[in-house]
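Colleague: What follows is a single structure, and I will ask about it in a moment.
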Amino acid sequence: MDLMALDHSLEHKGKHSLDGVSPHLVVAVDGPAAAGKTTTCKALSRRFGLGYLESGRTYRIIAFEALRRGLPPDNPVNVVDLCDELLRESREQDLLTSGRYGSADLRSPSVNVAVSDVARIHELRKRVTELVRLWARHQGRCIVEGRDIGTVVFPAAPVKFYLTASPEERARRRLGQEGGASYEEVLADVVRRDEADMSRAVSPLVPADDAIVIDTTTMDLEEVLARMGAACERRSVTFS
């Protein structure tokens, strides 16, 4: 994988003025599935003019492509080779932001299972981590969500959040967003994914030591945004 070439491509696409703002500001947001990360991060990005990235989308793209091509998603050699092939094919629109894949593709039940296998592969995680860092470098000011953003990808981020909620509430949210299964099936998948993410040897899902933990079980979006905005101000992170 030629990361230098990708870096050049990102630089060409991402040139913009950073006059009057602090460059390289990253807000890191981690947490389990359906804890409210995506909704909250998109709202913050709109409100404060931040670039936004869902890092887990890349793992889902690779899991989807592995299944589509009949490759075992838990085979490190096959999956890393697939990642490198996809990077070569998508030089102008990298895996992080590819618009070729819809939500129905990337959030199908089969991908929900396979992505846990893909995310355990150390060499793949190293590649995705470098891609995310390159993307953020050329954004300047951004918010990135995932499961190891504050612990591994940007351990020096000035502000980090860990959003969580009860498994039951997260299952209800996922069922409302995606449908297509019973509540019991969705809850079982939420619990399975939590166990897979939190117990993997490489980059397990845990709050960073300095992360602000917010339990969103009984909170609405505006309450969560208010908590996050106040925390940023306390840590002297400004957005405008």
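How things are named: the first chain in the structure tokens is A, the next is B, and so on; residues count from 1 in each chain; ligands count from 1 in the order shown.
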Run DSSP on the backbone and tell me which residues of segment 61-182 of chain A come out as helix (DSSP H, G or I); list them as a ChimeraX atom specification.
Modeller: /A:61-68,76-89,103-106,109-119,122-139,149-153,167-178
Colleague: Hey, what's within 6 Å of segment 195-210 of chain A if we count only C-alpha atoms and toss same-chain stuff fewer than 2 positions away? As a ChimeraX atom specification, please?
Modeller: /A:147,150-151,162,192-193
Colleague: Those same residues - all heavy atoms - I'd like them written as a JSON list (two decimals), in the first residue's frame.
Modeller:
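Final output, selection_22.json:
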[["chain", "number", "residue", "atom", "x", "y", "z"],
["A", 147, "ARG", "N", -13.94, 3.13, 17.73],
["A", 147, "ARG", "CA", -13.85, 2.32, 18.95],
["A", 147, "ARG", "C", -12.46, 2.38, 19.59],
["A", 147, "ARG", "O", -12.28, 1.88, 20.70],
["A", 147, "ARG", "CB", -14.24, 0.87, 18.63],
["A", 147, "ARG", "CG", -15.74, 0.70, 18.48],
["A", 147, "ARG", "CD", -16.10, -0.66, 17.90],
["A", 147, "ARG", "NE", -17.54, -0.92, 17.97],
["A", 147, "ARG", "CZ", -18.45, -0.37, 17.17],
["A", 147, "ARG", "NH1", -18.07, 0.48, 16.23],
["A", 147, "ARG", "NH2", -19.72, -0.67, 17.30],
["A", 150, "GLY", "N", -9.68, 7.52, 20.69],
["A", 150, "GLY", "CA", -9.00, 8.21, 21.78],
["A", 150, "GLY", "C", -7.90, 7.41, 22.44],
["A", 150, "GLY", "O", -7.03, 7.98, 23.11],
["A", 151, "THR", "N", -7.91, 6.10, 22.25],
["A", 151, "THR", "CA", -6.90, 5.25, 22.89],
["A", 151, "THR", "C", -5.72, 4.94, 21.99],
["A", 151, "THR", "O", -4.58, 4.82, 22.47],
["A", 151, "THR", "CB", -7.53, 3.91, 23.35],
["A", 151, "THR", "OG1", -8.18, 3.29, 22.23],
["A", 151, "THR", "CG2", -8.54, 4.14, 24.47],
["A", 162, "TYR", "N", -16.48, 9.22, 25.41],
["A", 162, "TYR", "CA", -16.87, 7.81, 25.30],
["A", 162, "TYR", "C", -18.36, 7.77, 25.56],
["A", 162, "TYR", "O", -18.83, 8.01, 26.69],
["A", 162, "TYR", "CB", -16.12, 6.95, 26.32],
["A", 162, "TYR", "CG", -16.38, 5.46, 26.19],
["A", 162, "TYR", "CD1", -15.57, 4.66, 25.40],
["A", 162, "TYR", "CD2", -17.44, 4.86, 26.87],
["A", 162, "TYR", "CE1", -15.79, 3.30, 25.27],
["A", 162, "TYR", "CE2", -17.69, 3.50, 26.74],
["A", 162, "TYR", "CZ", -16.85, 2.73, 25.95],
["A", 162, "TYR", "OH", -17.09, 1.37, 25.85],
["A", 192, "ARG", "N", -23.28, -9.56, 21.50],
["A", 192, "ARG", "CA", -22.18, -10.27, 20.83],
["A", 192, "ARG", "C", -21.12, -9.30, 20.36],
["A", 192, "ARG", "O", -19.92, -9.53, 20.55],
["A", 192, "ARG", "CB", -22.73, -11.06, 19.63],
["A", 192, "ARG", "CG", -21.66, -11.80, 18.83],
["A", 192, "ARG", "CD", -22.12, -12.09, 17.41],
["A", 192, "ARG", "NE", -22.44, -10.89, 16.66],
["A", 192, "ARG", "CZ", -21.52, -10.09, 16.11],
["A", 192, "ARG", "NH1", -20.23, -10.37, 16.24],
["A", 192, "ARG", "NH2", -21.89, -9.02, 15.44],
["A", 193, "ARG", "N", -21.54, -8.21, 19.73],
["A", 193, "ARG", "CA", -20.58, -7.23, 19.21],
["A", 193, "ARG", "C", -19.82, -6.57, 20.35],
["A", 193, "ARG", "O", -18.60, -6.34, 20.25],
["A", 193, "ARG", "CB", -21.30, -6.18, 18.38],
["A", 193, "ARG", "CG", -20.37, -5.15, 17.74],
["A", 193, "ARG", "CD", -19.53, -5.76, 16.65],
["A", 193, "ARG", "NE", -18.45, -4.88, 16.23],
["A", 193, "ARG", "CZ", -18.56, -3.91, 15.31],
["A", 193, "ARG", "NH1", -19.72, -3.71, 14.71],
["A", 193, "ARG", "NH2", -17.52, -3.18, 14.97]]
Colleague: Contacts between segment 37-56 of chain A and segment 109-187 of chain A, please, where a residue of segment 109-187 of chain A counts if it comes within 8 Å (with only C-alpha atoms); show its shortest atom pair and distance in Å to one decimal, rows by chain and ascending number, as CSV.
Modeller:
residue,atom,partner,partner_atom,distance
A:Val128,CA,A:Ser55,CA,7.9
A:Val132,CA,A:Ser55,CA,7.0
A:Gln139,CA,A:Gly51,CA,6.2
A:Arg141,CA,A:Leu50,CA,5.5
A:Cys142,CA,A:Gly51,CA,4.2
A:Ile143,CA,A:Tyr52,CA,5.1
A:Val144,CA,A:Leu53,CA,4.9
A:Glu145,CA,A:Glu54,CA,5.1
A:Gly146,CA,A:Ser55,CA,5.4
A:Arg147,CA,A:Gly56,CA,7.8
A:Leu163,CA,A:Lys37,CA,6.6
Colleague: Take the residues from that selection and put them in a file with all heavy atoms, as an mmCIF file, in the first residue's frame.
Modeller:
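Saved file part.cif follows:
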data_model
loop_
_atom_site.group_PDB
_atom_site.id
_atom_site.type_symbol
_atom_site.label_atom_id
_atom_site.label_comp_id
_atom_site.auth_asym_id
_atom_site.auth_seq_id
_atom_site.Cartn_x
_atom_site.Cartn_y
_atom_site.Cartn_z
ATOM 1 N N VAL A 128 -5.677 1.055 8.605
ATOM 2 C CA VAL A 128 -6.804 1.971 8.775
ATOM 3 C C VAL A 128 -6.414 3.134 9.688
ATOM 4 O O VAL A 128 -6.793 4.291 9.441
ATOM 5 C CB VAL A 128 -8.036 1.222 9.313
ATOM 6 C CG1 VAL A 128 -9.177 2.199 9.609
ATOM 7 C CG2 VAL A 128 -8.509 0.172 8.308
ATOM 8 N N VAL A 132 -6.727 7.083 8.683
ATOM 9 C CA VAL A 132 -7.493 8.060 9.466
ATOM 10 C C VAL A 132 -6.607 9.247 9.843
ATOM 11 O O VAL A 132 -7.026 10.410 9.778
ATOM 12 C CB VAL A 132 -8.096 7.395 10.718
ATOM 13 C CG1 VAL A 132 -8.728 8.435 11.627
ATOM 14 C CG2 VAL A 132 -9.129 6.347 10.325
ATOM 15 N N GLN A 139 -7.688 17.590 7.067
ATOM 16 C CA GLN A 139 -8.919 18.271 7.454
ATOM 17 C C GLN A 139 -8.606 19.485 8.302
ATOM 18 O O GLN A 139 -9.250 20.515 8.193
ATOM 19 C CB GLN A 139 -9.835 17.327 8.247
ATOM 20 C CG GLN A 139 -10.456 16.232 7.414
ATOM 21 C CD GLN A 139 -11.448 16.755 6.411
ATOM 22 O OE1 GLN A 139 -12.339 17.521 6.766
ATOM 23 N NE2 GLN A 139 -11.305 16.351 5.170
ATOM 24 N N ARG A 141 -9.435 20.510 11.266
ATOM 25 C CA ARG A 141 -10.324 20.499 12.426
ATOM 26 C C ARG A 141 -11.409 19.473 12.150
ATOM 27 O O ARG A 141 -12.143 19.590 11.165
ATOM 28 C CB ARG A 141 -10.959 21.877 12.643
ATOM 29 C CG ARG A 141 -9.974 22.990 12.857
ATOM 30 C CD ARG A 141 -10.581 24.374 12.691
ATOM 31 N NE ARG A 141 -11.591 24.665 13.691
ATOM 32 C CZ ARG A 141 -12.884 24.772 13.447
ATOM 33 N NH1 ARG A 141 -13.363 24.589 12.248
ATOM 34 N NH2 ARG A 141 -13.728 25.067 14.427
ATOM 35 N N CYS A 142 -11.506 18.463 12.997
ATOM 36 C CA CYS A 142 -12.437 17.380 12.684
ATOM 37 C C CYS A 142 -12.875 16.639 13.934
ATOM 38 O O CYS A 142 -12.298 16.791 15.010
ATOM 39 C CB CYS A 142 -11.795 16.392 11.696
ATOM 40 S SG CYS A 142 -10.248 15.662 12.289
ATOM 41 N N ILE A 143 -13.919 15.850 13.746
ATOM 42 C CA ILE A 143 -14.405 14.955 14.789
ATOM 43 C C ILE A 143 -14.423 13.553 14.185
ATOM 44 O O ILE A 143 -14.905 13.353 13.073
ATOM 45 C CB ILE A 143 -15.791 15.390 15.303
ATOM 46 C CG1 ILE A 143 -16.268 14.498 16.446
ATOM 47 C CG2 ILE A 143 -16.826 15.441 14.189
ATOM 48 C CD1 ILE A 143 -17.454 15.077 17.207
ATOM 49 N N VAL A 144 -13.829 12.606 14.906
ATOM 50 C CA VAL A 144 -13.688 11.246 14.402
ATOM 51 C C VAL A 144 -14.310 10.287 15.405
ATOM 52 O O VAL A 144 -14.005 10.354 16.599
ATOM 53 C CB VAL A 144 -12.208 10.877 14.180
ATOM 54 C CG1 VAL A 144 -12.089 9.477 13.588
ATOM 55 C CG2 VAL A 144 -11.529 11.896 13.268
ATOM 56 N N GLU A 145 -15.162 9.406 14.917
ATOM 57 C CA GLU A 145 -15.792 8.420 15.800
ATOM 58 C C GLU A 145 -15.300 7.016 15.474
ATOM 59 O O GLU A 145 -14.922 6.718 14.347
ATOM 60 C CB GLU A 145 -17.309 8.464 15.677
ATOM 61 C CG GLU A 145 -17.835 7.992 14.344
ATOM 62 C CD GLU A 145 -19.282 7.511 14.410
ATOM 63 O OE1 GLU A 145 -19.515 6.430 14.991
ATOM 64 O OE2 GLU A 145 -20.164 8.209 13.859
ATOM 65 N N GLY A 146 -15.302 6.182 16.499
ATOM 66 C CA GLY A 146 -14.895 4.798 16.305
ATOM 67 C C GLY A 146 -14.889 4.043 17.615
ATOM 68 O O GLY A 146 -15.709 4.315 18.505
ATOM 69 N N ARG A 147 -13.942 3.128 17.729
ATOM 70 C CA ARG A 147 -13.845 2.324 18.946
ATOM 71 C C ARG A 147 -12.464 2.380 19.589
ATOM 72 O O ARG A 147 -12.281 1.883 20.697
ATOM 73 C CB ARG A 147 -14.236 0.867 18.633
ATOM 74 C CG ARG A 147 -15.744 0.700 18.479
ATOM 75 C CD ARG A 147 -16.104 -0.658 17.905
ATOM 76 N NE ARG A 147 -17.536 -0.916 17.975
ATOM 77 C CZ ARG A 147 -18.446 -0.373 17.173
ATOM 78 N NH1 ARG A 147 -18.072 0.479 16.233
ATOM 79 N NH2 ARG A 147 -19.724 -0.665 17.296
ATOM 80 N N LEU A 163 -19.134 7.518 24.497
ATOM 81 C CA LEU A 163 -20.584 7.456 24.617
ATOM 82 C C LEU A 163 -21.018 6.010 24.810
ATOM 83 O O LEU A 163 -20.533 5.113 24.113
ATOM 84 C CB LEU A 163 -21.262 8.023 23.366
ATOM 85 C CG LEU A 163 -20.922 9.459 22.976
ATOM 86 C CD1 LEU A 163 -21.798 9.905 21.811
ATOM 87 C CD2 LEU A 163 -21.072 10.412 24.152
#
Colleague: So which residues touch Pro72 of chain A within 10 Å, counting only C-alpha atoms, skipping near sequence neighbours fewer than 3 positions away, as a PDB file with all heavy atoms, in the first residue's frame?
Modeller:
ATOM      1  N   ALA A  63     -15.256  -5.757   5.140  1.00  0.00           N
ATOM      2  CA  ALA A  63     -16.050  -6.947   5.470  1.00  0.00           C
ATOM      3  C   ALA A  63     -17.052  -7.246   4.365  1.00  0.00           C
ATOM      4  O   ALA A  63     -17.225  -8.411   3.961  1.00  0.00           O
ATOM      5  CB  ALA A  63     -16.777  -6.734   6.799  1.00  0.00           C
ATOM      6  N   ALA A  66     -15.206  -8.632   1.356  1.00  0.00           N
ATOM      7  CA  ALA A  66     -14.742 -10.003   1.610  1.00  0.00           C
ATOM      8  C   ALA A  66     -15.882 -10.993   1.408  1.00  0.00           C
ATOM      9  O   ALA A  66     -15.717 -12.034   0.743  1.00  0.00           O
ATOM     10  CB  ALA A  66     -14.173 -10.113   3.024  1.00  0.00           C
ATOM     11  N   LEU A  67     -17.047 -10.676   1.947  1.00  0.00           N
ATOM     12  CA  LEU A  67     -18.208 -11.558   1.783  1.00  0.00           C
ATOM     13  C   LEU A  67     -18.633 -11.628   0.325  1.00  0.00           C
ATOM     14  O   LEU A  67     -18.953 -12.708  -0.189  1.00  0.00           O
ATOM     15  CB  LEU A  67     -19.360 -11.059   2.655  1.00  0.00           C
ATOM     16  CG  LEU A  67     -19.152 -11.134   4.171  1.00  0.00           C
ATOM     17  CD1 LEU A  67     -20.312 -10.454   4.889  1.00  0.00           C
ATOM     18  CD2 LEU A  67     -19.002 -12.569   4.640  1.00  0.00           C
ATOM     19  N   ARG A  69     -16.872 -11.366  -2.264  1.00  0.00           N
ATOM     20  CA  ARG A  69     -15.900 -12.098  -3.079  1.00  0.00           C
ATOM     21  C   ARG A  69     -15.660 -13.519  -2.580  1.00  0.00           C
ATOM     22  O   ARG A  69     -14.811 -14.227  -3.112  1.00  0.00           O
ATOM     23  CB  ARG A  69     -14.579 -11.327  -3.111  1.00  0.00           C
ATOM     24  CG  ARG A  69     -14.719  -9.918  -3.667  1.00  0.00           C
ATOM     25  CD  ARG A  69     -13.404  -9.171  -3.643  1.00  0.00           C
ATOM     26  NE  ARG A  69     -13.584  -7.766  -3.983  1.00  0.00           N
ATOM     27  CZ  ARG A  69     -12.633  -6.992  -4.505  1.00  0.00           C
ATOM     28  NH1 ARG A  69     -11.430  -7.500  -4.753  1.00  0.00           N
ATOM     29  NH2 ARG A  69     -12.883  -5.723  -4.773  1.00  0.00           N
ATOM     30  N   ASN A  75      -9.522 -14.300   7.886  1.00  0.00           N
ATOM     31  CA  ASN A  75      -8.213 -14.704   7.383  1.00  0.00           C
ATOM     32  C   ASN A  75      -7.342 -13.465   7.187  1.00  0.00           C
ATOM     33  O   ASN A  75      -7.590 -12.669   6.279  1.00  0.00           O
ATOM     34  CB  ASN A  75      -8.357 -15.452   6.055  1.00  0.00           C
ATOM     35  CG  ASN A  75      -7.021 -15.974   5.543  1.00  0.00           C
ATOM     36  OD1 ASN A  75      -6.129 -15.209   5.221  1.00  0.00           O
ATOM     37  ND2 ASN A  75      -6.913 -17.294   5.463  1.00  0.00           N
ATOM     38  N   PRO A  76      -6.310 -13.274   8.018  1.00  0.00           N
ATOM     39  CA  PRO A  76      -5.522 -12.027   7.952  1.00  0.00           C
ATOM     40  C   PRO A  76      -4.884 -11.773   6.595  1.00  0.00           C
ATOM     41  O   PRO A  76      -4.907 -10.646   6.103  1.00  0.00           O
ATOM     42  CB  PRO A  76      -4.460 -12.226   9.039  1.00  0.00           C
ATOM     43  CG  PRO A  76      -5.059 -13.202   9.990  1.00  0.00           C
ATOM     44  CD  PRO A  76      -5.871 -14.132   9.137  1.00  0.00           C
ATOM     45  N   VAL A  77      -4.321 -12.800   5.975  1.00  0.00           N
ATOM     46  CA  VAL A  77      -3.642 -12.608   4.693  1.00  0.00           C
ATOM     47  C   VAL A  77      -4.631 -12.153   3.633  1.00  0.00           C
ATOM     48  O   VAL A  77      -4.411 -11.167   2.903  1.00  0.00           O
ATOM     49  CB  VAL A  77      -2.921 -13.896   4.251  1.00  0.00           C
ATOM     50  CG1 VAL A  77      -2.341 -13.725   2.844  1.00  0.00           C
ATOM     51  CG2 VAL A  77      -1.816 -14.247   5.235  1.00  0.00           C
ATOM     52  N   ASN A  78      -5.756 -12.854   3.526  1.00  0.00           N
ATOM     53  CA  ASN A  78      -6.762 -12.496   2.528  1.00  0.00           C
ATOM     54  C   ASN A  78      -7.320 -11.092   2.741  1.00  0.00           C
ATOM     55  O   ASN A  78      -7.504 -10.326   1.791  1.00  0.00           O
ATOM     56  CB  ASN A  78      -7.918 -13.501   2.545  1.00  0.00           C
ATOM     57  CG  ASN A  78      -7.544 -14.842   1.954  1.00  0.00           C
ATOM     58  OD1 ASN A  78      -6.554 -14.964   1.244  1.00  0.00           O
ATOM     59  ND2 ASN A  78      -8.328 -15.866   2.247  1.00  0.00           N
ATOM     60  N   VAL A  79      -7.600 -10.767   3.990  1.00  0.00           N
ATOM     61  CA  VAL A  79      -8.240  -9.480   4.284  1.00  0.00           C
ATOM     62  C   VAL A  79      -7.277  -8.321   4.054  1.00  0.00           C
ATOM     63  O   VAL A  79      -7.655  -7.281   3.501  1.00  0.00           O
ATOM     64  CB  VAL A  79      -8.799  -9.473   5.718  1.00  0.00           C
ATOM     65  CG1 VAL A  79      -9.228  -8.065   6.127  1.00  0.00           C
ATOM     66  CG2 VAL A  79      -9.990 -10.419   5.831  1.00  0.00           C
ATOM     67  N   ALA A 114     -19.446 -10.185  10.289  1.00  0.00           N
ATOM     68  CA  ALA A 114     -18.108 -10.281   9.698  1.00  0.00           C
ATOM     69  C   ALA A 114     -17.202  -9.145  10.119  1.00  0.00           C
ATOM     70  O   ALA A 114     -15.978  -9.329  10.216  1.00  0.00           O
ATOM     71  CB  ALA A 114     -18.214 -10.324   8.178  1.00  0.00           C
ATOM     72  N   ASP A 117     -14.788  -9.907  12.913  1.00  0.00           N
ATOM     73  CA  ASP A 117     -13.617 -10.683  12.520  1.00  0.00           C
ATOM     74  C   ASP A 117     -12.581  -9.802  11.839  1.00  0.00           C
ATOM     75  O   ASP A 117     -11.375  -9.889  12.123  1.00  0.00           O
ATOM     76  CB  ASP A 117     -14.027 -11.815  11.575  1.00  0.00           C
ATOM     77  CG  ASP A 117     -14.878 -12.875  12.251  1.00  0.00           C
ATOM     78  OD1 ASP A 117     -14.660 -13.122  13.451  1.00  0.00           O
ATOM     79  OD2 ASP A 117     -15.758 -13.443  11.581  1.00  0.00           O
ATOM     80  N   VAL A 118     -13.039  -8.960  10.937  1.00  0.00           N
ATOM     81  CA  VAL A 118     -12.129  -8.066  10.219  1.00  0.00           C
ATOM     82  C   VAL A 118     -11.405  -7.132  11.186  1.00  0.00           C
ATOM     83  O   VAL A 118     -10.197  -6.902  11.073  1.00  0.00           O
ATOM     84  CB  VAL A 118     -12.928  -7.258   9.173  1.00  0.00           C
ATOM     85  CG1 VAL A 118     -12.121  -6.080   8.649  1.00  0.00           C
ATOM     86  CG2 VAL A 118     -13.365  -8.156   8.027  1.00  0.00           C
TER      87      VAL A 118
END
Colleague: Please, what distance in Å, to one decimal, runs between atom CA of Leu134 of chain A and atom CA of Ala226 of chain A?
Modeller: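 Atom-to-atom, atom CA of Leu134 of chain A to atom CA of Ala226 of chain A, that is 29.6 Å.
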Colleague: Name all residues at most 9 Å from Val190 of chain A (count only C-alpha atoms; drop same-chain ones fewer than 4 positions away) and give them as a PyMOL selection string.
Modeller: chain A and resi 32-34+167-168+170-171+174+185-186+194-195
Colleague: So that I have them on file, write out the residues from the current selection with N, CA and C atoms, as a compact mmCIF listing (two decimals), in the first residue's frame.
Modeller:
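Below is the file that was written, result_35.txt:
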# COMPACT_ATOMS: atom_id res chain seq x y z
N PRO A 32 -19.62 1.88 22.08
CA PRO A 32 -20.19 0.70 21.43
C PRO A 32 -21.24 1.07 20.40
N ALA A 33 -21.71 0.07 19.68
CA ALA A 33 -22.71 0.27 18.63
C ALA A 33 -24.00 0.85 19.20
N ALA A 34 -24.60 1.78 18.46
CA ALA A 34 -25.90 2.37 18.77
C ALA A 34 -25.92 3.15 20.08
N PRO A 167 -27.40 -2.00 26.90
CA PRO A 167 -27.61 -2.86 25.72
C PRO A 167 -29.06 -2.86 25.26
N GLU A 168 -30.00 -2.83 26.20
CA GLU A 168 -31.42 -2.86 25.85
C GLU A 168 -31.82 -1.61 25.06
N ARG A 170 -29.77 0.35 23.36
CA ARG A 170 -29.07 0.34 22.07
C ARG A 170 -29.74 -0.62 21.09
N ALA A 171 -30.25 -1.72 21.60
CA ALA A 171 -30.99 -2.65 20.74
C ALA A 171 -32.26 -2.00 20.21
N ARG A 174 -31.26 0.46 17.43
CA ARG A 174 -30.88 -0.22 16.19
C ARG A 174 -32.08 -0.80 15.47
N GLU A 185 -33.32 -10.73 18.65
CA GLU A 185 -32.19 -10.97 17.75
C GLU A 185 -31.23 -9.78 17.75
N VAL A 186 -31.77 -8.59 17.72
CA VAL A 186 -30.93 -7.39 17.71
C VAL A 186 -30.18 -7.26 19.03
N ASP A 194 -20.49 -6.27 21.45
CA ASP A 194 -19.79 -5.70 22.61
C ASP A 194 -18.69 -6.63 23.09
N GLU A 195 -19.02 -7.90 23.22
CA GLU A 195 -18.03 -8.87 23.70
C GLU A 195 -16.86 -8.97 22.74
Colleague: Do you know which residues are at most 10 Å from Tyr101 of chain A counting only C-alpha atoms, after dropping those on the same chain fewer than 6 positions away, and could you put them as a PyMOL selection string?
Modeller: chain A and resi 57+60-61+64
Colleague: With all heavy atoms retained, export the selected residues as a CSV table (one decimal), in the first residue's frame.
Modeller:
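Final output, saved to again36.csv:
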chain,number,residue,atom,x,y,z
A,57,ARG,N,-16.5,2.7,9.2
A,57,ARG,CA,-17.1,2.5,7.8
A,57,ARG,C,-16.1,1.7,7.0
A,57,ARG,O,-16.4,0.8,6.2
A,57,ARG,CB,-17.4,3.8,7.2
A,57,ARG,CG,-18.0,3.7,5.8
A,57,ARG,CD,-18.3,5.1,5.2
A,57,ARG,NE,-18.7,5.0,3.8
A,57,ARG,CZ,-19.9,4.7,3.4
A,57,ARG,NH1,-20.8,4.4,4.3
A,57,ARG,NH2,-20.1,4.7,2.1
A,60,ARG,N,-16.2,-1.9,7.7
A,60,ARG,CA,-17.4,-2.5,7.1
A,60,ARG,C,-17.3,-2.7,5.6
A,60,ARG,O,-17.8,-3.7,5.0
A,60,ARG,CB,-18.6,-1.6,7.5
A,60,ARG,CG,-19.1,-1.7,8.9
A,60,ARG,CD,-20.3,-0.9,9.2
A,60,ARG,NE,-20.8,-1.2,10.6
A,60,ARG,CZ,-21.6,-2.2,10.9
A,60,ARG,NH1,-22.0,-3.0,10.0
A,60,ARG,NH2,-21.9,-2.4,12.2
A,61,ILE,N,-16.7,-1.7,4.9
A,61,ILE,CA,-16.5,-1.9,3.5
A,61,ILE,C,-15.6,-3.1,3.2
A,61,ILE,O,-15.9,-3.9,2.3
A,61,ILE,CB,-15.8,-0.6,2.9
A,61,ILE,CG1,-16.7,0.6,2.9
A,61,ILE,CG2,-15.2,-0.9,1.5
A,61,ILE,CD1,-16.1,1.9,2.5
A,64,PHE,N,-17.7,-6.2,3.9
A,64,PHE,CA,-18.7,-6.4,2.8
A,64,PHE,C,-18.0,-7.0,1.5
A,64,PHE,O,-18.5,-7.9,0.9
A,64,PHE,CB,-19.3,-5.0,2.4
A,64,PHE,CG,-20.2,-5.1,1.2
A,64,PHE,CD1,-21.5,-5.6,1.3
A,64,PHE,CD2,-19.7,-4.6,0.0
A,64,PHE,CE1,-22.3,-5.6,0.1
A,64,PHE,CE2,-20.5,-4.6,-1.1
A,64,PHE,CZ,-21.8,-5.1,-1.1
Colleague: Tell me which of A:Ile212, A:Thr218, A:Glu130, A:Thr164 sits closest to Ala28 of chain A, counting only C-alpha atoms.
Modeller: A:Ile212
Colleague: So, counting only C-alpha atoms, which residue among A:Val159, A:Leu71, A:Ala35, A:Leu131 is closest to Arg235 of chain A?
Modeller: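 Selected residue with least distance to Arg235 of chain A: A:Val159.
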Colleague: Calculated over only C-alpha atoms, which of the candidates A:Phe161, A:Glu222, A:Leu175, A:Ser166 has the smallest distance to Asp30 of chain A?
Modeller: A:Phe161
Colleague: Report, in Å to a single decimal, how far apart atom CA of Val115 of chain A and atom CA of Met228 of chain A are.
Modeller: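 Atom-to-atom, atom CA of Met228 of chain A and atom CA of Val115 of chain A are spaced 28.6 Å apart.
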Colleague: Report as a list in words: the residues of segment 57-213 of chain A with a DSSP assignment of strand (DSSP E or B), based on the backbone of this structure.
Modeller: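 Residues meeting the strand (DSSP E or B) criterion: Arg141, Cys142, Ile143, Val144, Glu145, Gly146, Val159, Lys160, Phe161, Tyr162, Leu163, Thr164, Ile212 and Val213 of chain A.
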